[in-house]
>>> print(open('final_19.cif').read())   # mmCIF, C-alpha atoms
data_structure
loop_
_atom_site.label_atom_id
_atom_site.label_comp_id
_atom_site.auth_asym_id
_atom_site.auth_seq_id
_atom_site.Cartn_x
_atom_site.Cartn_y
_atom_site.Cartn_z
CA MET A 1 91.54 78.01 114.30
CA GLU A 2 89.40 75.57 112.31
CA VAL A 3 90.24 75.38 108.62
CA LYS A 4 87.22 75.44 106.37
CA GLN A 5 86.93 72.28 104.25
CA MET A 6 86.83 73.13 100.56
CA PRO A 7 84.44 71.10 98.39
CA LYS A 8 85.95 68.55 96.03
CA LEU A 9 85.69 69.70 92.44
CA SER A 10 84.69 67.59 89.45
CA ASN A 11 87.47 66.89 86.94
CA TYR A 12 84.93 67.64 84.20
CA ARG A 13 85.32 71.32 85.07
CA TRP A 14 88.37 71.42 82.79
CA VAL A 15 86.21 70.35 79.84
CA ILE A 16 83.80 73.19 80.61
CA LEU A 17 86.67 75.69 80.87
CA ALA A 18 88.24 74.45 77.63
CA LEU A 19 84.92 74.84 75.80
CA ALA A 20 84.29 78.34 77.14
CA ALA A 21 87.86 79.52 76.52
CA SER A 22 87.89 78.10 72.97
CA MET A 23 84.64 79.87 72.16
CA ASP A 24 86.05 83.10 73.57
CA ILE A 25 89.16 82.72 71.39
CA ILE A 26 87.14 82.29 68.18
CA SER A 27 84.82 85.13 69.21
CA ASN A 28 87.70 87.60 69.46
CA TYR A 29 89.30 86.09 66.37
CA ILE A 30 86.17 86.78 64.31
CA GLN A 31 85.56 90.22 65.81
CA PHE A 32 89.10 91.40 65.07
CA GLN A 33 89.05 90.05 61.53
CA VAL A 34 87.47 93.42 60.75
CA SER A 35 90.68 95.05 61.97
CA ALA A 36 93.15 92.53 60.51
CA LEU A 37 91.50 92.65 57.06
CA ALA A 38 90.71 96.37 57.12
CA THR A 39 92.67 97.23 53.97
CA LYS A 40 90.55 94.78 51.98
CA ILE A 41 87.20 95.20 53.75
CA MET A 42 86.99 99.00 53.70
CA PRO A 43 87.29 99.49 49.92
CA ALA A 44 85.17 96.40 49.17
CA LEU A 45 82.27 97.65 51.29
CA HIS A 46 82.95 101.37 50.63
CA LEU A 47 83.27 102.08 54.35
CA THR A 48 83.98 105.39 56.03
CA GLN A 49 86.14 105.42 59.17
CA PRO A 50 83.13 105.77 61.53
CA GLN A 51 81.40 102.87 59.74
CA PHE A 52 84.54 100.75 60.12
CA SER A 53 84.67 101.51 63.87
CA SER A 54 80.98 100.63 64.16
CA LEU A 55 81.57 97.23 62.58
CA LEU A 56 84.48 96.54 64.92
CA MET A 57 82.36 97.34 67.97
CA ALA A 58 79.13 95.72 66.71
CA PRO A 59 79.55 92.29 68.42
CA MET A 60 80.14 94.02 71.77
CA LEU A 61 77.12 96.29 71.46
CA VAL A 62 74.82 93.25 71.45
CA ALA A 63 75.67 92.78 75.13
CA VAL A 64 73.93 96.05 76.02
CA VAL A 65 70.58 94.55 75.01
CA MET A 66 71.26 90.86 75.62
CA SER A 67 73.10 90.73 78.95
CA ILE A 68 70.25 90.99 81.47
CA PRO A 69 67.77 88.76 79.55
CA ALA A 70 70.55 86.23 78.89
CA GLY A 71 71.45 86.08 82.57
CA SER A 72 67.89 85.68 83.84
CA LEU A 73 67.04 83.06 81.19
CA ALA A 74 70.16 81.07 82.12
CA ASP A 75 69.13 81.23 85.78
CA LYS A 76 65.75 79.80 84.79
CA PHE A 77 66.59 77.27 82.05
CA GLY A 78 70.33 76.63 82.51
CA ALA A 79 73.30 78.21 80.74
CA LYS A 80 73.84 75.35 78.29
CA LYS A 81 70.48 75.75 76.52
CA VAL A 82 70.61 79.55 76.39
CA VAL A 83 74.18 79.62 75.01
CA MET A 84 73.22 76.96 72.45
CA VAL A 85 70.38 79.10 71.09
CA GLY A 86 72.82 81.99 70.84
CA CYS A 87 75.29 79.79 68.93
CA ILE A 88 72.68 79.02 66.27
CA VAL A 89 72.07 82.73 65.64
CA SER A 90 75.79 83.53 65.72
CA VAL A 91 76.82 80.80 63.28
CA LEU A 92 74.27 82.14 60.79
CA GLY A 93 75.67 85.64 61.26
CA ALA A 94 79.27 84.48 60.89
CA TYR A 95 78.59 82.68 57.60
CA GLY A 96 76.39 85.56 56.49
CA ARG A 97 79.46 87.81 56.32
CA ILE A 98 80.49 85.94 53.18
CA ILE A 99 77.54 87.34 51.21
CA ALA A 100 77.43 90.78 52.88
CA ASN A 101 78.27 93.40 50.26
CA ASN A 102 77.55 96.69 52.06
CA PHE A 103 77.76 98.32 55.46
CA VAL A 104 74.15 97.66 56.54
CA THR A 105 74.24 93.96 55.69
CA MET A 106 77.63 93.46 57.36
CA MET A 107 76.46 95.30 60.47
CA LEU A 108 73.42 93.01 60.71
CA MET A 109 75.60 89.89 60.34
CA LEU A 110 78.07 91.06 62.99
CA LEU A 111 75.25 91.89 65.40
CA MET A 112 73.89 88.36 64.88
CA PHE A 113 77.37 86.94 65.41
CA GLY A 114 77.71 88.77 68.73
CA VAL A 115 74.69 87.06 70.28
CA TYR A 116 76.35 83.87 71.57
CA MET A 117 79.34 85.66 73.06
CA SER A 118 77.23 88.18 74.92
CA ILE A 119 75.26 85.26 76.41
CA LEU A 120 78.37 83.24 77.28
CA SER A 121 80.26 86.21 78.76
CA THR A 122 77.25 87.16 80.85
CA ASN A 123 77.02 83.66 82.31
CA THR A 124 80.69 82.89 82.98
CA ILE A 125 80.16 83.98 86.59
CA LYS A 126 77.40 81.37 86.92
CA ILE A 127 79.11 78.62 84.89
CA PHE A 128 82.53 78.89 86.55
CA GLY A 129 81.01 79.48 89.97
CA ILE A 130 79.12 76.18 89.79
CA TRP A 131 82.03 74.15 88.40
CA PHE A 132 85.04 75.79 90.07
CA LYS A 133 83.55 77.04 93.34
CA GLN A 134 86.51 78.43 95.37
CA ASP A 135 88.69 78.44 92.21
CA THR A 136 86.28 80.56 90.16
CA ASN A 137 88.88 83.35 89.97
CA VAL A 138 91.37 81.03 88.27
CA ALA A 139 88.83 79.98 85.65
CA MET A 140 87.91 83.61 85.01
CA GLY A 141 91.60 84.39 84.55
CA VAL A 142 91.96 81.75 81.84
CA PHE A 143 88.79 83.02 80.16
CA PHE A 144 90.06 86.62 80.19
CA ALA A 145 93.43 85.52 78.80
CA SER A 146 91.77 83.61 75.96
CA ALA A 147 90.53 86.91 74.52
CA SER A 148 94.14 88.06 74.06
CA ILE A 149 94.94 84.80 72.26
CA GLY A 150 92.06 85.32 69.85
CA ILE A 151 93.12 88.88 69.05
CA MET A 152 96.77 87.93 68.51
CA LEU A 153 95.90 84.95 66.31
CA SER A 154 93.54 87.09 64.25
CA GLN A 155 96.19 89.74 63.61
CA ILE A 156 98.86 87.14 62.74
CA THR A 157 96.93 84.65 60.59
CA ASN A 158 94.28 86.62 58.70
CA PRO A 159 96.73 88.38 56.34
CA LEU A 160 97.86 84.88 55.24
CA PHE A 161 94.49 83.98 53.68
CA PRO A 162 94.23 84.50 49.90
CA ASP A 163 91.05 86.55 50.22
CA VAL A 164 88.47 87.81 52.71
CA LYS A 165 85.83 85.20 51.95
CA THR A 166 88.26 82.35 52.63
CA ALA A 167 89.15 83.94 55.96
CA TYR A 168 85.46 84.27 56.83
CA MET A 169 84.74 80.67 55.81
CA PHE A 170 87.56 79.36 58.00
CA SER A 171 86.55 81.24 61.15
CA SER A 172 82.83 80.52 60.67
CA THR A 173 83.50 76.80 60.33
CA VAL A 174 85.59 76.79 63.51
CA LEU A 175 82.70 78.48 65.32
CA LEU A 176 80.28 75.87 63.94
CA ILE A 177 82.50 73.02 65.18
CA LEU A 178 82.85 74.57 68.63
CA SER A 179 79.07 75.13 68.80
CA ILE A 180 78.52 71.43 68.10
CA CYS A 181 81.05 70.60 70.82
CA TRP A 182 79.15 72.85 73.24
CA ALA A 183 75.90 71.05 72.43
CA LEU A 184 77.53 67.64 72.95
CA PHE A 185 79.77 68.20 75.95
CA ALA A 186 78.59 71.24 77.96
CA LYS A 187 76.74 70.57 81.21
CA ASP A 188 74.97 72.93 83.61
CA ALA A 189 76.30 71.34 86.80
CA PRO A 190 78.46 68.45 88.05
CA LYS A 191 76.77 65.08 88.43
CA GLY A 192 74.84 64.86 91.68
CA GLU A 193 74.82 68.60 92.40
CA VAL A 194 71.38 69.96 93.26
CA VAL A 195 70.27 72.76 90.91
CA PRO A 196 68.02 75.38 92.59
CA PRO A 197 64.36 75.14 91.50
CA SER A 198 63.28 77.37 88.64
CA GLU A 199 61.45 80.63 89.37
CA PRO A 200 59.89 83.34 87.17
CA ALA A 201 62.60 85.01 85.09
CA MET A 202 61.82 88.50 86.37
CA LYS A 203 62.43 87.43 89.96
CA TYR A 204 66.07 86.66 89.13
CA VAL A 205 66.49 90.11 87.61
CA LYS A 206 64.81 91.88 90.54
CA VAL A 207 67.05 90.16 93.09
CA ALA A 208 70.21 91.05 91.15
CA ILE A 209 69.13 94.67 90.59
CA LYS A 210 68.71 95.16 94.35
CA SER A 211 72.30 94.03 95.03
CA LYS A 212 74.41 97.15 95.69
CA ASN A 213 77.64 95.16 95.47
CA THR A 214 76.72 93.84 92.01
CA TRP A 215 76.40 97.41 90.72
CA LEU A 216 79.74 98.30 92.30
CA VAL A 217 81.34 95.34 90.50
CA ALA A 218 79.75 96.52 87.25
CA LEU A 219 81.11 100.04 87.76
CA CYS A 220 84.57 98.82 88.75
CA GLY A 221 84.85 96.29 85.93
CA GLY A 222 83.39 98.68 83.38
CA CYS A 223 85.75 101.56 84.23
CA GLY A 224 88.75 99.23 84.20
CA MET A 225 87.76 97.72 80.86
CA ALA A 226 86.98 101.11 79.33
CA ALA A 227 90.33 102.60 80.36
CA SER A 228 92.15 99.55 79.04
CA MET A 229 90.35 99.68 75.69
CA ALA A 230 90.97 103.41 75.31
CA TYR A 231 94.65 102.91 76.17
CA SER A 232 95.11 99.97 73.77
CA GLY A 233 93.26 101.81 71.01
CA ILE A 234 95.39 104.95 71.22
CA LEU A 235 98.80 103.26 71.54
CA PRO A 236 99.44 102.61 67.80
CA GLN A 237 98.48 106.18 66.89
CA ALA A 238 100.57 107.65 69.70
CA PHE A 239 103.63 105.68 68.62
CA THR A 240 103.29 106.47 64.91
CA LEU A 241 102.11 110.09 64.99
CA GLY A 242 103.71 111.15 68.25
CA ARG A 243 106.86 109.06 68.48
CA GLY A 244 107.63 108.69 64.78
CA MET A 245 107.54 104.88 64.68
CA SER A 246 106.62 102.96 61.57
CA SER A 247 103.18 101.33 61.56
CA ALA A 248 104.78 97.87 61.86
CA SER A 249 106.92 98.87 64.85
CA ALA A 250 103.99 100.61 66.53
CA GLY A 251 101.89 97.47 66.11
CA VAL A 252 104.61 95.34 67.72
CA MET A 253 104.94 97.75 70.65
CA ALA A 254 101.18 97.79 71.18
CA ALA A 255 101.20 93.98 71.11
CA VAL A 256 103.71 93.97 73.96
CA ALA A 257 101.05 95.39 76.28
CA THR A 258 98.60 92.71 75.06
CA VAL A 259 101.10 89.96 75.88
CA GLY A 260 101.51 91.48 79.35
CA SER A 261 97.73 91.45 79.78
CA PHE A 262 97.60 87.78 78.77
CA PHE A 263 100.02 86.74 81.50
CA GLY A 264 98.41 89.09 84.01
CA SER A 265 95.02 87.46 83.47
CA MET A 266 96.58 84.03 83.89
CA VAL A 267 98.76 84.52 86.97
CA GLY A 268 96.82 87.26 88.76
CA PRO A 269 93.95 85.13 90.08
CA THR A 270 96.36 82.36 91.17
CA ILE A 271 98.46 84.82 93.17
CA ILE A 272 95.48 86.63 94.67
CA ASN A 273 93.81 83.36 95.68
CA LYS A 274 96.81 82.56 97.91
CA LEU A 275 96.68 85.85 99.80
CA LYS A 276 94.96 86.25 103.14
CA TYR A 277 93.82 89.76 102.24
CA ALA A 278 93.35 90.28 98.50
CA LYS A 279 92.17 93.89 98.64
CA ILE A 280 95.56 95.41 99.54
CA PHE A 281 97.32 93.60 96.70
CA MET A 282 94.59 94.39 94.15
CA CYS A 283 94.63 98.11 94.98
CA SER A 284 98.44 98.18 94.87
CA VAL A 285 98.84 96.58 91.44
CA THR A 286 96.04 98.76 90.04
CA ALA A 287 97.81 101.88 91.32
CA ILE A 288 101.07 100.79 89.65
CA ALA A 289 99.21 100.00 86.41
CA ALA A 290 97.64 103.48 86.46
CA CYS A 291 101.07 105.07 86.93
CA SER A 292 102.38 102.98 84.03
CA MET A 293 99.60 104.33 81.81
CA PHE A 294 100.33 107.91 82.83
CA ILE A 295 104.10 107.77 82.13
CA THR A 296 103.78 105.95 78.78
CA TRP A 297 104.13 109.20 76.88
CA TYR A 298 107.27 110.22 78.81
CA VAL A 299 109.21 106.92 78.97
CA PRO A 300 112.23 106.84 76.62
CA MET A 301 112.00 104.69 73.49
CA GLY A 302 113.47 101.21 73.44
CA THR A 303 113.89 98.90 76.41
CA PRO A 304 112.43 101.29 79.04
CA LEU A 305 109.23 101.67 77.02
CA ILE A 306 108.94 97.90 76.48
CA ILE A 307 109.39 97.26 80.21
CA ASN A 308 106.76 99.87 81.06
CA LEU A 309 104.26 98.37 78.61
CA ILE A 310 104.82 94.85 79.97
CA ILE A 311 104.44 95.99 83.58
CA GLY A 312 101.32 98.01 82.79
CA GLY A 313 99.69 95.19 80.85
CA LEU A 314 100.67 92.53 83.40
CA LEU A 315 99.51 94.36 86.52
CA GLY A 316 96.52 96.03 84.87
CA ALA A 317 95.00 92.68 83.91
CA MET A 318 95.45 90.95 87.27
CA THR A 319 92.34 92.24 89.00
CA GLY A 320 89.77 92.01 86.18
CA PRO A 321 88.97 88.29 86.56
CA ILE A 322 88.75 88.64 90.34
CA VAL A 323 86.35 91.58 90.26
CA GLN A 324 84.15 90.04 87.54
CA SER A 325 83.75 86.78 89.49
CA MET A 326 82.84 88.42 92.82
CA PRO A 327 79.00 88.50 92.51
CA ILE A 328 78.63 84.74 93.00
CA SER A 329 80.24 85.15 96.46
CA PHE A 330 77.70 87.76 97.57
CA PRO A 331 75.14 86.23 99.99
CA GLU A 332 72.23 87.82 98.15
CA ILE A 333 73.38 86.43 94.76
CA GLY A 334 75.12 83.04 94.99
CA PRO A 335 74.89 80.51 92.13
CA LYS A 336 71.11 80.88 91.89
CA TYR A 337 71.11 84.53 90.77
CA ALA A 338 74.65 84.68 89.32
CA GLY A 339 73.42 84.76 85.72
CA SER A 340 71.27 87.84 86.31
CA ALA A 341 74.08 89.51 88.25
CA GLY A 342 76.41 88.75 85.34
CA GLY A 343 73.85 90.35 83.03
CA ILE A 344 73.99 93.60 84.99
CA VAL A 345 77.80 93.52 85.02
CA GLY A 346 77.89 92.77 81.29
CA MET A 347 75.44 95.51 80.33
CA ALA A 348 77.10 98.20 82.44
CA SER A 349 80.62 97.17 81.41
CA THR A 350 79.74 97.29 77.72
CA LEU A 351 78.11 100.69 77.99
CA LEU A 352 81.10 102.11 79.85
CA SER A 353 83.56 100.45 77.44
CA TYR A 354 81.79 102.10 74.52
CA PHE A 355 81.20 105.60 75.88
CA VAL A 356 84.16 106.25 78.21
CA PRO A 357 86.79 106.06 75.41
CA VAL A 358 84.67 108.49 73.38
CA PHE A 359 84.46 110.78 76.43
CA ILE A 360 88.24 110.60 76.94
CA SER A 361 88.89 111.44 73.28
CA ALA A 362 86.51 114.40 73.44
CA ILE A 363 88.33 115.88 76.44
CA ALA A 364 91.92 115.06 75.45
CA GLY A 365 91.54 115.86 71.76
CA ARG A 366 94.80 115.31 69.87
CA SER A 367 96.97 115.40 72.99
CA PHE A 368 98.35 111.90 73.56
CA ALA A 369 99.73 112.95 76.96
CA ALA A 370 96.24 114.03 78.06
CA ASN A 371 94.75 110.78 76.75
CA PHE A 372 97.13 108.67 78.82
CA MET A 373 96.61 110.87 81.88
CA ILE A 374 92.80 110.57 81.80
CA GLU A 375 92.99 106.81 81.19
CA ALA A 376 95.25 106.55 84.24
CA ILE A 377 92.76 108.56 86.32
CA VAL A 378 89.85 106.32 85.27
CA THR A 379 91.93 103.25 86.15
CA ALA A 380 92.85 104.73 89.55
CA MET A 381 89.15 105.41 90.24
CA THR A 382 88.54 101.65 90.37
CA ILE A 383 90.72 101.50 93.50
CA ILE A 384 88.06 103.46 95.41
CA ILE A 385 85.42 100.93 94.38
CA MET A 386 87.67 97.99 95.34
CA LEU A 387 88.06 99.49 98.81
CA ILE A 388 84.26 99.63 99.20
CA LEU A 389 83.66 96.08 97.94
CA PRO A 390 84.15 93.06 100.26
CA ASP A 391 87.60 91.48 100.20
CA ALA A 392 87.74 88.91 97.39
CA ASN A 393 89.16 86.24 99.75
CA LYS A 394 86.78 86.91 102.63
CA GLY A 395 85.41 83.63 103.94
CA LYS A 396 87.94 81.42 102.17
CA ARG A 397 89.99 80.96 105.31
#
>>> encode(input="final_19.cif", output="structure tokens")
Amino acid sequence: MEVKQMPKLSNYRWVILALAASMDIISNYIQFQVSALATKIMPALHLTQPQFSSLLMAPMLVAVVMSIPAGSLADKFGAKKVVMVGCIVSVLGAYGRIIANNFVTMMLMLLMFGVYMSILSTNTIKIFGIWFKQDTNVAMGVFFASASIGIMLSQITNPLFPDVKTAYMFSSTVLLILSICWALFAKDAPKGEVVPPSEPAMKYVKVAIKSKNTWLVALCGGCGMAASMAYSGILPQAFTLGRGMSSASAGVMAAVATVGSFFGSMVGPTIINKLKYAKIFMCSVTAIAACSMFITWYVPMGTPLIINLIIGGLLGAMTGPIVQSMPISFPEIGPKYAGSAGGIVGMASTLLSYFVPVFISAIAGRSFAANFMIEAIVTAMTIIIMLILPDANKGKR
């Protein structure tokens, strides 16, 4: 059997990955400053609990509106230019938090801040697909893992700042520096690679919209992300109110699952890339992750609970980068329409991530056992979609 020759990859791809991952880290760092500094922000801005939740979610909500336009514009003009425009808006929003003195102003600033990340996240499929080709899954894994780093750093370091404005100034300046680095060092494609000719922006969107597999990826990724967010969000409450843990201990236990997710995002794509048939493995680890979610409420405290959280986080995060990077491998999408496909995935994933946790809470009410059960069911539903989608490693061998 003839072995397919893989294209040689440019070493500059690691610069592109480092830039994208660093910008993802600071994005999550800034977003979760709202959470880490909640005890200072809420009284200062006179926030209610719903207003606080709205501020936390604000940067993500931008993706609902921005994803499809950002993808089609990147297909037409190149990802570097479109992300750079987003960075300008986001830096202004990040610094604007320093002078925001009420809910409305802060909401506006956080919506502005979310612009660059919605553009970058939408176009990671295109960017990594061009630079990493057959190793796109690995790059997506690193990018996914960088979000966990940003969240952890935000929770650890923000309480150390003397006041909120100093914390805002620090993170905004880091974003400004990284934006300058993007402008100086980001490139749309390796030297010598032919970029497809530009076409009307709406054509990119129309091609992506007609791709059934792209919508399946959006549904699969969105349900997985939504279940994970609902699960992570309810863990601290379940441990404090239901298990009698202190807030500090509950936070540490919840962080255990995040650490598991970090390593799952990193090692998952590498393992799956080496398999002849990825689909069987992906469905298996997702099934185990769903079971881990379901039994969380029933596992004894201590070491058994820690092991369960690590396993759930590790296995639950393995398939996300693979699924999200699949559109570029679809014949009807490829690198040319990958930005628009990423826009559809980003929009649908954000909508599901916002509304599914609300739906789960409405059904489960105050029952933590019911919450975990429904989250497990939503996670298990993604297995059906994975079975319908093409195998992630089809055509690699």
>>> closest_residue(input="final_19.cif", among="A:Leu314, A:Cys87, A:Ile374, A:Ile125", to="Ala362 (chain A)", atoms="only C-alpha atoms")
A:Ile374
>>> resolve_selection(input="final_19.cif", expression="the PyMOL selection byres ((chain A and resi 37) around 10)", output="PyMOL selection string")
chain A and resi 32-36+38-42+154-155+158-159+161+163-164+167
>>> residues_around(input="final_19.cif", residues="Leu352 (chain A)", least_positions_apart="2", cutoff="12 Å", atoms="all atoms listed in the file", output="PDB file with C-alpha atoms, in the frame of the given file")
ATOM      1  CA  MET A  60      80.140  94.020  71.770  1.00  0.00           C
ATOM      2  CA  LEU A  61      77.120  96.290  71.460  1.00  0.00           C
ATOM      3  CA  ALA A  63      75.670  92.780  75.130  1.00  0.00           C
ATOM      4  CA  VAL A  64      73.930  96.050  76.020  1.00  0.00           C
ATOM      5  CA  ALA A 218      79.750  96.520  87.250  1.00  0.00           C
ATOM      6  CA  LEU A 219      81.110 100.040  87.760  1.00  0.00           C
ATOM      7  CA  CYS A 220      84.570  98.820  88.750  1.00  0.00           C
ATOM      8  CA  GLY A 221      84.850  96.290  85.930  1.00  0.00           C
ATOM      9  CA  GLY A 222      83.390  98.680  83.380  1.00  0.00           C
ATOM     10  CA  CYS A 223      85.750 101.560  84.230  1.00  0.00           C
ATOM     11  CA  GLY A 224      88.750  99.230  84.200  1.00  0.00           C
ATOM     12  CA  MET A 225      87.760  97.720  80.860  1.00  0.00           C
ATOM     13  CA  ALA A 226      86.980 101.110  79.330  1.00  0.00           C
ATOM     14  CA  ALA A 227      90.330 102.600  80.360  1.00  0.00           C
ATOM     15  CA  SER A 228      92.150  99.550  79.040  1.00  0.00           C
ATOM     16  CA  MET A 229      90.350  99.680  75.690  1.00  0.00           C
ATOM     17  CA  ALA A 230      90.970 103.410  75.310  1.00  0.00           C
ATOM     18  CA  VAL A 345      77.800  93.520  85.020  1.00  0.00           C
ATOM     19  CA  GLY A 346      77.890  92.770  81.290  1.00  0.00           C
ATOM     20  CA  MET A 347      75.440  95.510  80.330  1.00  0.00           C
ATOM     21  CA  ALA A 348      77.100  98.200  82.440  1.00  0.00           C
ATOM     22  CA  SER A 349      80.620  97.170  81.410  1.00  0.00           C
ATOM     23  CA  THR A 350      79.740  97.290  77.720  1.00  0.00           C
ATOM     24  CA  TYR A 354      81.790 102.100  74.520  1.00  0.00           C
ATOM     25  CA  PHE A 355      81.200 105.600  75.880  1.00  0.00           C
ATOM     26  CA  VAL A 356      84.160 106.250  78.210  1.00  0.00           C
ATOM     27  CA  PRO A 357      86.790 106.060  75.410  1.00  0.00           C
ATOM     28  CA  VAL A 358      84.670 108.490  73.380  1.00  0.00           C
ATOM     29  CA  PHE A 359      84.460 110.780  76.430  1.00  0.00           C
ATOM     30  CA  ILE A 360      88.240 110.600  76.940  1.00  0.00           C
ATOM     31  CA  VAL A 378      89.850 106.320  85.270  1.00  0.00           C
TER      32      VAL A 378
END
>>> atom_distance(input="final_19.cif", atom1="CA of Met253 (chain A)", atom2="CA of Gly302 (chain A)")
9.6 Å
>>> residues_around(input="final_19.cif", residues="Ala20 (chain A)", least_positions_apart="6", cutoff="10 Å", atoms="all atoms listed in the file", output="ChimeraX atom specification")
/A:14,117,120-121,124,127-128,139,142-143,146,178,182,186
>>> residues_around(input="final_19.cif", residues="Ser90 (chain A)", least_positions_apart="2", cutoff="6 Å", atoms="all atoms listed in the file", output="list in words")
Cys87, Ile88, Leu92, Gly93, Met112, Phe113, Val115 and Tyr116 of chain A
>>> closest_residue(input="final_19.cif", among="A:Cys283, A:Phe52, A:Ile119, A:Ser265", to="Met84 (chain A)", atoms="all atoms listed in the file")
A:Ile119
>>> residues_around(input="final_19.cif", residues="region 364-372 of chain A", least_positions_apart="6", cutoff="8 Å", atoms="all atoms listed in the file", output="PyMOL selection string")
chain A and resi 231+234+238+242+293-297
>>> atom_distance(input="final_19.cif", atom1="CA of Pro327 (chain A)", atom2="CA of Ile344 (chain A)")
10.4 Å
>>> resolve_selection(input="final_19.cif", expression="the PyMOL selection byres ((chain A and resi 389) around 8)", output="PyMOL selection string")
chain A and resi 213+216-217+385-388+390-391
>>> closest_residue(input="final_19.cif", among="A:Ile149, A:Ala376, A:Val15, A:Met301", to="Leu184 (chain A)", atoms="all atoms listed in the file")
A:Val15
>>> atom_distance(input="final_19.cif", atom1="CA of Met140 (chain A)", atom2="CA of Met282 (chain A)")
15.6 Å
>>> resolve_selection(input="final_19.cif", expression="the PyMOL selection byres ((chain A and resi 108) around 10)", output="VMD selection string")
chain A and resid 55 58 to 59 93 96 to 97 100 103 to 107 109 to 113
>>> closest_residue(input="final_19.cif", among="A:Pro335, A:Pro300, A:Ala145, A:Ser10", to="Arg243 (chain A)", atoms="all atoms listed in the file")
A:Pro300
>>> decode(input="final_19.cif", residues="region 373-386 of chain A", atoms="C-alpha atoms", output="short mmCIF file (atom, residue, chain, number, x, y, z; two decimals), in the first residue's frame")
data_model
loop_
_atom_site.label_atom_id
_atom_site.label_comp_id
_atom_site.auth_asym_id
_atom_site.auth_seq_id
_atom_site.Cartn_x
_atom_site.Cartn_y
_atom_site.Cartn_z
CA MET A 373 -27.38 13.74 34.90
CA ILE A 374 -28.65 16.15 32.20
CA GLU A 375 -25.12 17.43 31.52
CA ALA A 376 -24.03 13.81 31.05
CA ILE A 377 -26.91 13.20 28.63
CA VAL A 378 -26.01 16.29 26.56
CA THR A 379 -22.38 15.13 26.45
CA ALA A 380 -23.43 11.62 25.39
CA MET A 381 -25.56 13.12 22.59
CA THR A 382 -22.37 14.30 20.88
CA ILE A 383 -21.42 10.64 20.33
CA ILE A 384 -24.32 10.29 17.88
CA ILE A 385 -23.05 13.26 15.89
CA MET A 386 -19.47 11.91 15.91
#
